[in-house]
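Peer 1: Below is a structure I'd like to ask you about.
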Amino acid sequence: MTADLGTRSGELYAPGDELLPGAALGGDDATDLERDRAPAHDRDAFARSRERFDAIVGSLESVETDRLEHSELEDLLQKEGRELLRSLFEDKLELCAIREPRLDRVVDAAGVERRAVERDHSRPLLSVFGEVRVGRLAYRRRGEENLYVADGVLNLPEEKHSHGLRRMVALETPRGSFDDATDAIRRITGAVLGKRQVEELALRAAVDFEAYYEHREYDAVDHDDVLVLSCDGKGVVMRPEALREQTRKQAEDAENKLKTRLSKGEKRGRKRMAEVAAVYEITPEVRAPADILPTTDEEREAVRDGPKAKNKWLSASVTDDAAEVIARMFDEAERRDGDHQHSWVVLVDGNNHQIDRVSKEAKKRAIKITILVDYVHVIEYLWSAAWNFFTEGDPAAERWVQEKARAVLEGDASTVAAAIRRKATRLGLDAKQRKNADAAAHYLLAKRAYLDYPTALANGWPIATGVIERRYDTLPISMASRRRSGWCDRAMCWMVARLS
């Protein structure tokens with residue numbers, strides 16, 4: 001048996017009078033050790049857990065609990081049930097310790113042998129059920145760290161927190177702030193973790209995400225499949241020291257009218273862009289505008305599903321600029337289709353710099369691509385224009401947006417832009433009143449080369465950055481506003497990595 005010192009926690013050699021001298025299997029010492037480790041059937045290893053279960057049943061059978069409301073019964077069972085699970089877990093670990101066989105020879109990675117063995121060594125483990133003790137044999141040699149073979153068998157972490165608890169941290173942290181995650185973990189498991197512990201565990205959870213993607217194997221791209229690349233950017237509130245130099249100076253030089261809050265039009269100047277990119281494959285599913293925005297009952301009944309993303313790859317960064325993230329996106333796409341035999345569709349949010357970087361990257365690699373602006377962004381511009389024409393809550397605004405959005409889907413973006421400007425003029429709106437309408441019209445005209453939705457639908461391509469937008473549902477944009485202190489580089493890098 002060979003153990004690796006670098007993968008398990010170790011302890012320095014204890015005084016000699018604490019040792020059990022090493023011996024070959026079958027010797028006197030081995031016999032004594034085996035006798036101390038009695039087989040499981042010689043005693044009830046789960047006696048404490050059975051007693052606890054009987055106590056819970058007895059409590060529920062008692063007259064006193066008849067007067068409890070259902071919510072109080074829930075609280076009682078949640079608390080006692082968690083402790084029962086903790087007891088079962090610890091009893092099982094003790095049973096494993098009882099059954100642990102003594103090995104005749106244990107050698108570490110450096111070839112140093114451990115022949116002395118000592119029992120009754122234990123370590124804490126904070127699990128999703130609560131804290132337990134893990135007992136195991138210690139293989140020892142004077143001047144060397146102890147080796148614990150059972151740690152490897154159980155795949156124990158070097159630190160105190162179990163893998164289940166770490167998984168919960170990784171799942172809960174993207175839902176809100178670190179304070180929210182700490183509260184959720186305490187509520188679900190009863191485990192009391194400090195905010196700093198949650199932050200450190202969260203950072204460790206993302207340490208190997210790049211290596212995961214590098215070694216992840218995908219099936220070969222099917223002959224008729226289309227390669228879809230998608231990128232999007234969002235501003236994320238950061239702590240002052242984590243801002244880019246220019247943004248930090250703007251924030252420092254800003255003079256707000258009020259001390260306690262921002263006035264209309266004022267900005268904090270405290271954001272950095274988080275760039276997210278995705279690559280995936282789709283089997284084309286031909287659709288028509290009526291499948292996206294049906295207007296009659298007949299069209300609604302005949303709606304066809306869109307293409308489904310498969311073999312998704314995502315990358316995100318708040319420290320790297322858009323050019324670096326987009327380059328990685330193209331690297332991944334070329335890894336799948338190095339001969340450029342498939343159709344490449346690139347979905348973007350309409351940002352000019354983003355489109356420019358995508359175009360340059362494609363030209364540098366001699367790849368023919370089709371760029372499409374995310375259709376959802378177009379609809380957002382139309383809604384923004386609608387509030388220049390209608391009062392908030394007016395059902396007519398919804399009908400107007402649907403009509404114009406359907407027209408854009410049918411390839412009439414320029415006509416829609418002209419209609420928006422005519423309506424603003426006909427209503428006699430001044431420059432301020434028609435600002436959003438003019439912005440929408442300008443957007444449609446400026447991006448019309450990338451709004452060829454009729455061709456995209458006819459070819460069975462996606463027209464929205466849904467894969468990325470779903471990641472931004474949890475990327476802390478709204479969340480960032482709840483974190484008054486903002487994000488630091490390390491925490492935000494973990495967050496975007498976790499969402500990858």
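Ligands are numbered from 1 in the order shown, chains are lettered A, B, ... in the order of the structure tokens, and residues start at 1 in each chain.
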Would you list the contacts of Arg328 (chain A) as a PyMOL selection string, taking every protein, DNA or RNA residue within 12 Å and counting only C-alpha atoms, but skipping same-chain residues closer than 2 positions in sequence?

Peer 2: chain A and resi 210+213-214+229-231+275-279+313-317+320-326+330-335+358+361

Peer 1: If you run DSSP on this backbone, which residues of region 292-399 of chain A come out as strand (DSSP E), and could you give them as a list in words?

Peer 2: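 Those residues are Lys310, Asn311, Lys312, Trp313, Leu314, Ser315, Ala316, Ser317, Trp344, Val345, Val346, Leu347, Val348, Ile369, Thr370, Ile371, Leu372 and Val373 of chain A.
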
Peer 1: Taking C-alpha atoms for each residue, export the selection above as a JSON list (two decimals), in the first residue's frame.

Peer 2:
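Full text of out_10.json as output:
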```json
[["chain", "number", "residue", "atom", "x", "y", "z"],
["A", 310, "LYS", "CA", -26.41, 20.32, -27.05],
["A", 311, "ASN", "CA", -22.78, 19.90, -26.01],
["A", 312, "LYS", "CA", -22.77, 23.33, -24.39],
["A", 313, "TRP", "CA", -19.52, 25.07, -23.49],
["A", 314, "LEU", "CA", -19.52, 28.32, -21.53],
["A", 315, "SER", "CA", -16.79, 30.71, -20.51],
["A", 316, "ALA", "CA", -17.00, 33.90, -18.49],
["A", 317, "SER", "CA", -14.68, 36.53, -17.10],
["A", 344, "TRP", "CA", -21.32, 28.95, -38.02],
["A", 345, "VAL", "CA", -23.93, 31.27, -36.49],
["A", 346, "VAL", "CA", -22.87, 33.94, -34.00],
["A", 347, "LEU", "CA", -25.50, 35.46, -31.69],
["A", 348, "VAL", "CA", -24.60, 38.82, -30.15],
["A", 369, "ILE", "CA", -19.93, 33.30, -40.15],
["A", 370, "THR", "CA", -23.46, 34.67, -39.95],
["A", 371, "ILE", "CA", -23.98, 37.27, -37.21],
["A", 372, "LEU", "CA", -27.43, 37.67, -35.69],
["A", 373, "VAL", "CA", -28.48, 40.17, -33.06]]
```

Peer 1: Can you tell me, as a short mmCIF file (atom, residue, chain, number, x, y, z; two decimals) with N, CA and C atoms, in the first residue's frame, which residues in region 37-234 of chain A count as helix (DSSP H, G or I) by DSSP?

Peer 2:
```cif
data_model
loop_
_atom_site.label_atom_id
_atom_site.label_comp_id
_atom_site.auth_asym_id
_atom_site.auth_seq_id
_atom_site.Cartn_x
_atom_site.Cartn_y
_atom_site.Cartn_z
N ALA A 40 -18.65 -6.27 13.28
CA ALA A 40 -19.86 -5.48 13.48
C ALA A 40 -20.97 -6.29 14.12
N HIS A 41 -21.03 -7.62 13.81
CA HIS A 41 -22.14 -8.40 14.33
C HIS A 41 -22.00 -8.70 15.82
N ASP A 42 -20.82 -8.39 16.41
CA ASP A 42 -20.63 -8.64 17.83
C ASP A 42 -21.32 -7.60 18.70
N ALA A 47 -26.76 1.41 17.79
CA ALA A 47 -27.61 1.46 18.98
C ALA A 47 -28.04 2.89 19.30
N ARG A 48 -27.10 3.83 19.23
CA ARG A 48 -27.45 5.22 19.55
C ARG A 48 -28.49 5.76 18.59
N SER A 49 -28.34 5.44 17.30
CA SER A 49 -29.30 5.92 16.31
C SER A 49 -30.68 5.29 16.54
N ARG A 50 -30.69 4.00 16.92
CA ARG A 50 -31.98 3.36 17.19
C ARG A 50 -32.65 4.01 18.40
N GLU A 51 -31.87 4.31 19.42
CA GLU A 51 -32.42 4.97 20.60
C GLU A 51 -32.98 6.35 20.23
N ARG A 52 -32.26 7.06 19.38
CA ARG A 52 -32.73 8.39 18.98
C ARG A 52 -34.01 8.29 18.16
N PHE A 53 -34.08 7.29 17.25
CA PHE A 53 -35.29 7.10 16.46
C PHE A 53 -36.47 6.74 17.37
N ASP A 54 -36.22 5.85 18.33
CA ASP A 54 -37.29 5.47 19.26
C ASP A 54 -37.76 6.69 20.07
N ALA A 55 -36.81 7.56 20.42
CA ALA A 55 -37.16 8.76 21.18
C ALA A 55 -38.05 9.68 20.34
N ILE A 56 -37.74 9.79 19.04
CA ILE A 56 -38.57 10.63 18.16
C ILE A 56 -39.98 10.05 18.06
N VAL A 57 -40.06 8.74 17.84
CA VAL A 57 -41.37 8.08 17.75
C VAL A 57 -42.13 8.25 19.06
N GLY A 58 -41.43 8.09 20.18
CA GLY A 58 -42.08 8.25 21.48
C GLY A 58 -42.62 9.66 21.66
N SER A 59 -41.86 10.63 21.21
CA SER A 59 -42.30 12.03 21.31
C SER A 59 -43.56 12.26 20.49
N LEU A 60 -43.58 11.69 19.28
CA LEU A 60 -44.76 11.86 18.42
C LEU A 60 -45.98 11.13 18.98
N GLU A 61 -45.74 10.04 19.69
CA GLU A 61 -46.85 9.28 20.27
C GLU A 61 -47.41 9.93 21.52
N GLU A 64 -48.56 15.25 24.53
CA GLU A 64 -48.10 16.65 24.43
C GLU A 64 -48.01 17.12 22.99
N THR A 65 -47.55 16.24 22.09
CA THR A 65 -47.41 16.67 20.70
C THR A 65 -48.75 16.73 19.96
N ASP A 66 -49.82 16.20 20.57
CA ASP A 66 -51.13 16.31 19.93
C ASP A 66 -51.60 17.76 19.85
N ARG A 67 -51.08 18.60 20.74
CA ARG A 67 -51.52 19.99 20.78
C ARG A 67 -50.67 20.89 19.88
N HIS A 70 -49.29 22.03 12.90
CA HIS A 70 -48.52 21.25 11.92
C HIS A 70 -47.15 21.87 11.68
N SER A 71 -47.06 23.20 11.71
CA SER A 71 -45.76 23.85 11.48
C SER A 71 -44.80 23.55 12.62
N GLU A 72 -45.32 23.45 13.84
CA GLU A 72 -44.46 23.11 14.97
C GLU A 72 -43.98 21.66 14.87
N LEU A 73 -44.87 20.78 14.38
CA LEU A 73 -44.45 19.41 14.15
C LEU A 73 -43.36 19.34 13.08
N GLU A 74 -43.52 20.15 12.04
CA GLU A 74 -42.49 20.21 11.00
C GLU A 74 -41.15 20.62 11.58
N ASP A 75 -41.17 21.67 12.40
CA ASP A 75 -39.92 22.16 13.00
C ASP A 75 -39.30 21.08 13.89
N LEU A 76 -40.15 20.40 14.67
CA LEU A 76 -39.65 19.36 15.56
C LEU A 76 -38.99 18.23 14.78
N LEU A 77 -39.68 17.76 13.72
CA LEU A 77 -39.13 16.66 12.94
C LEU A 77 -37.90 17.08 12.15
N GLN A 78 -37.90 18.32 11.68
CA GLN A 78 -36.72 18.78 10.94
C GLN A 78 -35.50 18.80 11.84
N LYS A 79 -35.65 19.31 13.05
CA LYS A 79 -34.52 19.38 13.97
C LYS A 79 -34.09 17.99 14.43
N GLU A 80 -35.06 17.19 14.92
CA GLU A 80 -34.72 15.87 15.42
C GLU A 80 -34.31 14.92 14.28
N GLY A 81 -34.95 15.08 13.12
CA GLY A 81 -34.59 14.24 11.98
C GLY A 81 -33.18 14.49 11.50
N ARG A 82 -32.77 15.76 11.51
CA ARG A 82 -31.39 16.08 11.11
C ARG A 82 -30.40 15.45 12.08
N GLU A 83 -30.71 15.52 13.37
CA GLU A 83 -29.82 14.93 14.37
C GLU A 83 -29.79 13.41 14.24
N LEU A 84 -30.93 12.81 13.86
CA LEU A 84 -30.95 11.36 13.63
C LEU A 84 -30.05 10.99 12.46
N LEU A 85 -30.12 11.75 11.38
CA LEU A 85 -29.27 11.49 10.23
C LEU A 85 -27.79 11.68 10.58
N ARG A 86 -27.51 12.71 11.39
CA ARG A 86 -26.12 12.91 11.82
C ARG A 86 -25.64 11.71 12.62
N SER A 87 -26.51 11.21 13.50
CA SER A 87 -26.14 10.06 14.33
C SER A 87 -25.92 8.82 13.47
N LEU A 88 -26.78 8.60 12.48
CA LEU A 88 -26.60 7.46 11.58
C LEU A 88 -25.29 7.56 10.82
N PHE A 89 -24.99 8.75 10.36
CA PHE A 89 -23.75 8.98 9.62
C PHE A 89 -22.55 8.68 10.50
N GLU A 90 -22.57 9.19 11.72
CA GLU A 90 -21.43 8.98 12.62
C GLU A 90 -21.32 7.52 13.03
N ASP A 91 -22.47 6.86 13.26
CA ASP A 91 -22.42 5.44 13.60
C ASP A 91 -21.81 4.62 12.46
N LYS A 92 -22.16 4.95 11.25
CA LYS A 92 -21.59 4.24 10.10
C LYS A 92 -20.09 4.47 10.00
N LEU A 93 -19.65 5.69 10.24
CA LEU A 93 -18.22 5.97 10.20
C LEU A 93 -17.48 5.21 11.30
N GLU A 94 -18.11 5.10 12.47
CA GLU A 94 -17.49 4.32 13.54
C GLU A 94 -17.42 2.84 13.17
N LEU A 95 -18.45 2.35 12.51
CA LEU A 95 -18.45 0.96 12.06
C LEU A 95 -17.33 0.72 11.05
N CYS A 96 -17.14 1.69 10.15
CA CYS A 96 -16.02 1.57 9.20
C CYS A 96 -14.69 1.54 9.93
N ALA A 97 -14.58 2.35 10.99
CA ALA A 97 -13.33 2.37 11.76
C ALA A 97 -13.11 1.03 12.46
N ILE A 98 -14.19 0.43 12.98
CA ILE A 98 -14.08 -0.88 13.63
C ILE A 98 -13.61 -1.93 12.63
N ARG A 99 -14.13 -1.86 11.43
CA ARG A 99 -13.84 -2.88 10.42
C ARG A 99 -12.55 -2.61 9.65
N VAL A 149 -4.77 5.64 5.85
CA VAL A 149 -5.27 4.97 4.65
C VAL A 149 -6.77 5.16 4.52
N ALA A 150 -7.48 5.15 5.64
CA ALA A 150 -8.94 5.29 5.60
C ALA A 150 -9.37 6.64 5.03
N ASP A 151 -8.54 7.66 5.18
CA ASP A 151 -8.88 8.97 4.59
C ASP A 151 -9.02 8.86 3.08
N GLY A 152 -8.13 8.06 2.48
CA GLY A 152 -8.21 7.86 1.04
C GLY A 152 -9.40 7.01 0.65
N VAL A 153 -9.69 5.98 1.45
CA VAL A 153 -10.83 5.12 1.15
C VAL A 153 -12.13 5.92 1.19
N LEU A 154 -12.26 6.78 2.19
CA LEU A 154 -13.46 7.62 2.33
C LEU A 154 -13.40 8.88 1.48
N HIS A 163 -17.64 17.16 1.26
CA HIS A 163 -17.93 17.48 -0.14
C HIS A 163 -19.40 17.85 -0.32
N GLY A 164 -20.30 17.23 0.45
CA GLY A 164 -21.70 17.59 0.36
C GLY A 164 -21.95 19.02 0.78
N LEU A 165 -21.27 19.46 1.82
CA LEU A 165 -21.42 20.85 2.27
C LEU A 165 -20.82 21.81 1.25
N ARG A 166 -19.70 21.42 0.65
CA ARG A 166 -19.08 22.26 -0.38
C ARG A 166 -20.00 22.38 -1.59
N ARG A 167 -20.65 21.26 -1.95
CA ARG A 167 -21.58 21.29 -3.07
C ARG A 167 -22.73 22.25 -2.78
N MET A 168 -23.21 22.25 -1.55
CA MET A 168 -24.29 23.15 -1.18
C MET A 168 -23.84 24.61 -1.27
N VAL A 169 -22.62 24.89 -0.85
CA VAL A 169 -22.08 26.24 -0.98
C VAL A 169 -22.05 26.67 -2.44
N ALA A 170 -21.58 25.76 -3.30
CA ALA A 170 -21.49 26.07 -4.73
C ALA A 170 -22.86 26.32 -5.34
N LEU A 171 -23.88 25.63 -4.85
CA LEU A 171 -25.23 25.80 -5.39
C LEU A 171 -25.93 27.03 -4.83
N GLU A 172 -25.70 27.34 -3.57
CA GLU A 172 -26.43 28.44 -2.94
C GLU A 172 -25.82 29.80 -3.21
N THR A 173 -24.49 29.86 -3.36
CA THR A 173 -23.86 31.17 -3.52
C THR A 173 -24.31 31.93 -4.75
N PRO A 174 -24.47 31.30 -5.93
CA PRO A 174 -24.93 32.08 -7.09
C PRO A 174 -26.34 32.62 -6.96
N ARG A 175 -27.12 32.13 -6.00
CA ARG A 175 -28.50 32.59 -5.88
C ARG A 175 -28.60 33.96 -5.25
N PHE A 178 -23.17 36.35 -0.40
CA PHE A 178 -22.56 35.36 0.48
C PHE A 178 -23.31 35.29 1.81
N ASP A 179 -23.85 36.41 2.25
CA ASP A 179 -24.67 36.40 3.47
C ASP A 179 -25.91 35.54 3.26
N ASP A 180 -26.55 35.68 2.09
CA ASP A 180 -27.72 34.86 1.79
C ASP A 180 -27.37 33.38 1.78
N ALA A 181 -26.22 33.05 1.18
CA ALA A 181 -25.79 31.65 1.11
C ALA A 181 -25.52 31.09 2.51
N THR A 182 -24.87 31.90 3.35
CA THR A 182 -24.58 31.47 4.72
C THR A 182 -25.87 31.18 5.47
N ASP A 183 -26.85 32.06 5.33
CA ASP A 183 -28.13 31.87 6.01
C ASP A 183 -28.86 30.62 5.49
N ALA A 184 -28.81 30.42 4.16
CA ALA A 184 -29.50 29.27 3.57
C ALA A 184 -28.89 27.96 4.04
N ILE A 185 -27.57 27.90 4.11
CA ILE A 185 -26.89 26.68 4.55
C ILE A 185 -27.20 26.39 6.01
N ARG A 186 -27.23 27.43 6.83
CA ARG A 186 -27.57 27.24 8.24
C ARG A 186 -29.01 26.77 8.38
N ARG A 187 -29.89 27.32 7.57
CA ARG A 187 -31.31 26.96 7.64
C ARG A 187 -31.54 25.51 7.19
N ILE A 188 -30.84 25.08 6.15
CA ILE A 188 -31.06 23.76 5.58
C ILE A 188 -30.36 22.67 6.37
N THR A 189 -29.14 22.94 6.81
CA THR A 189 -28.32 21.89 7.43
C THR A 189 -28.11 22.07 8.93
N LYS A 195 -19.11 33.78 7.13
CA LYS A 195 -19.15 34.31 5.77
C LYS A 195 -17.82 34.09 5.06
N ARG A 196 -16.71 34.30 5.76
CA ARG A 196 -15.40 34.10 5.14
C ARG A 196 -15.21 32.64 4.72
N GLN A 197 -15.69 31.70 5.55
CA GLN A 197 -15.58 30.29 5.18
C GLN A 197 -16.37 29.99 3.91
N VAL A 198 -17.55 30.56 3.81
CA VAL A 198 -18.37 30.35 2.61
C VAL A 198 -17.67 30.93 1.38
N GLU A 199 -17.07 32.10 1.51
CA GLU A 199 -16.36 32.71 0.39
C GLU A 199 -15.21 31.81 -0.06
N GLU A 200 -14.42 31.31 0.90
CA GLU A 200 -13.28 30.48 0.54
C GLU A 200 -13.71 29.16 -0.09
N LEU A 201 -14.77 28.56 0.45
CA LEU A 201 -15.26 27.31 -0.14
C LEU A 201 -15.80 27.54 -1.54
N ALA A 202 -16.44 28.69 -1.74
CA ALA A 202 -16.97 29.00 -3.07
C ALA A 202 -15.84 29.17 -4.09
N LEU A 203 -14.79 29.85 -3.68
CA LEU A 203 -13.65 30.04 -4.58
C LEU A 203 -13.00 28.70 -4.94
N ARG A 204 -12.89 27.82 -3.97
CA ARG A 204 -12.28 26.51 -4.24
C ARG A 204 -13.15 25.67 -5.17
N ALA A 205 -14.45 25.91 -5.11
CA ALA A 205 -15.35 25.10 -5.93
C ALA A 205 -15.12 25.32 -7.42
N PHE A 209 -12.51 24.58 -13.06
CA PHE A 209 -13.51 24.63 -14.14
C PHE A 209 -12.86 24.73 -15.51
N GLU A 210 -11.72 25.41 -15.62
CA GLU A 210 -11.06 25.50 -16.92
C GLU A 210 -10.50 24.14 -17.34
N ALA A 211 -9.90 23.44 -16.38
CA ALA A 211 -9.37 22.10 -16.69
C ALA A 211 -10.50 21.15 -17.07
N TYR A 212 -11.65 21.34 -16.45
CA TYR A 212 -12.80 20.48 -16.78
C TYR A 212 -13.16 20.62 -18.25
N TYR A 213 -13.24 21.85 -18.73
CA TYR A 213 -13.60 22.06 -20.13
C TYR A 213 -12.49 21.60 -21.07
N GLU A 214 -11.24 21.76 -20.64
CA GLU A 214 -10.13 21.35 -21.49
C GLU A 214 -10.11 19.85 -21.73
N HIS A 215 -10.52 19.09 -20.73
CA HIS A 215 -10.46 17.64 -20.84
C HIS A 215 -11.82 17.00 -21.13
#
```

Peer 1: Need the shell around Asp438 (chain A): protein/DNA/RNA residues with any atom at most 10 Å away, counting only C-alpha atoms. Skip same-chain ones fewer than 3 positions apart. Format as a short mmCIF file (atom, residue, chain, number, x, y, z; two decimals) with C-alpha atoms, in the first residue's frame?

Peer 2:
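Output below, filename out_11.cif:
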```
data_model
loop_
_atom_site.label_atom_id
_atom_site.label_comp_id
_atom_site.auth_asym_id
_atom_site.auth_seq_id
_atom_site.Cartn_x
_atom_site.Cartn_y
_atom_site.Cartn_z
CA ALA A 385 -40.20 53.05 -27.67
CA ASN A 388 -43.13 57.18 -25.54
CA ALA A 417 -37.93 52.07 -37.90
CA ALA A 418 -39.61 54.51 -40.28
CA ILE A 420 -41.69 54.53 -35.24
CA ARG A 421 -40.30 57.90 -36.30
CA ALA A 424 -43.41 60.18 -32.88
CA ALA A 431 -36.81 65.56 -28.67
CA LYS A 432 -36.95 64.55 -25.01
CA GLN A 433 -40.37 62.93 -25.27
CA ARG A 434 -39.39 60.84 -28.31
CA LYS A 435 -35.89 59.94 -27.13
CA ALA A 441 -35.44 53.39 -34.77
CA HIS A 442 -31.71 54.09 -34.90
CA TYR A 443 -30.97 50.64 -33.42
CA LEU A 444 -33.08 48.86 -36.04
#
```

Peer 1: Pick out the closest residue to Leu451 (chain A) from this set: A:Gly130, A:Gly306, A:Gly350, A:Gly428. Count only C-alpha atoms.

Peer 2: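 Closest candidate: A:Gly350.
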
Peer 1: Which residues come within 8 Å of Asp349 (chain A), counting only C-alpha atoms, excluding same-chain residues fewer than 3 positions away, as a VMD selection string?

Peer 2: chain A and resid 231 to 233 373 to 374 377 465

Peer 1: Keeping C-alpha atoms for every residue in the selection just given, could you write it to a file as an mmCIF file, in the first residue's frame?

Peer 2:
```
data_model
loop_
_atom_site.group_PDB
_atom_site.id
_atom_site.type_symbol
_atom_site.label_atom_id
_atom_site.label_comp_id
_atom_site.auth_asym_id
_atom_site.auth_seq_id
_atom_site.Cartn_x
_atom_site.Cartn_y
_atom_site.Cartn_z
ATOM 1 C CA CYS A 231 -21.578 36.214 -26.463
ATOM 2 C CA ASP A 232 -23.052 38.826 -24.182
ATOM 3 C CA GLY A 233 -21.850 41.402 -21.691
ATOM 4 C CA VAL A 373 -28.482 40.170 -33.060
ATOM 5 C CA ASP A 374 -30.392 38.581 -30.211
ATOM 6 C CA HIS A 377 -32.780 42.805 -27.415
ATOM 7 C CA THR A 465 -28.967 34.102 -26.833
#
```

Peer 1: I'd like the interatomic distance between CA of Lys423 (chain A) and CA of Val401 (chain A), to a tenth of an Å.

Peer 2: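 Atom-to-atom, CA of Lys423 (chain A) and CA of Val401 (chain A) are spaced 13.2 Å apart.
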
Peer 1: Have a look at A:Lys160, A:Arg365, A:Arg304, A:Arg287 and name the one nearest to Leu409 (chain A); count only C-alpha atoms.

Peer 2: A:Arg287

Peer 1: Could you tell me which of A:Gly143, A:His223, A:Pro284, A:Ser343 comes closest to Ala458 (chain A) if we count only C-alpha atoms?

Peer 2: A:Pro284
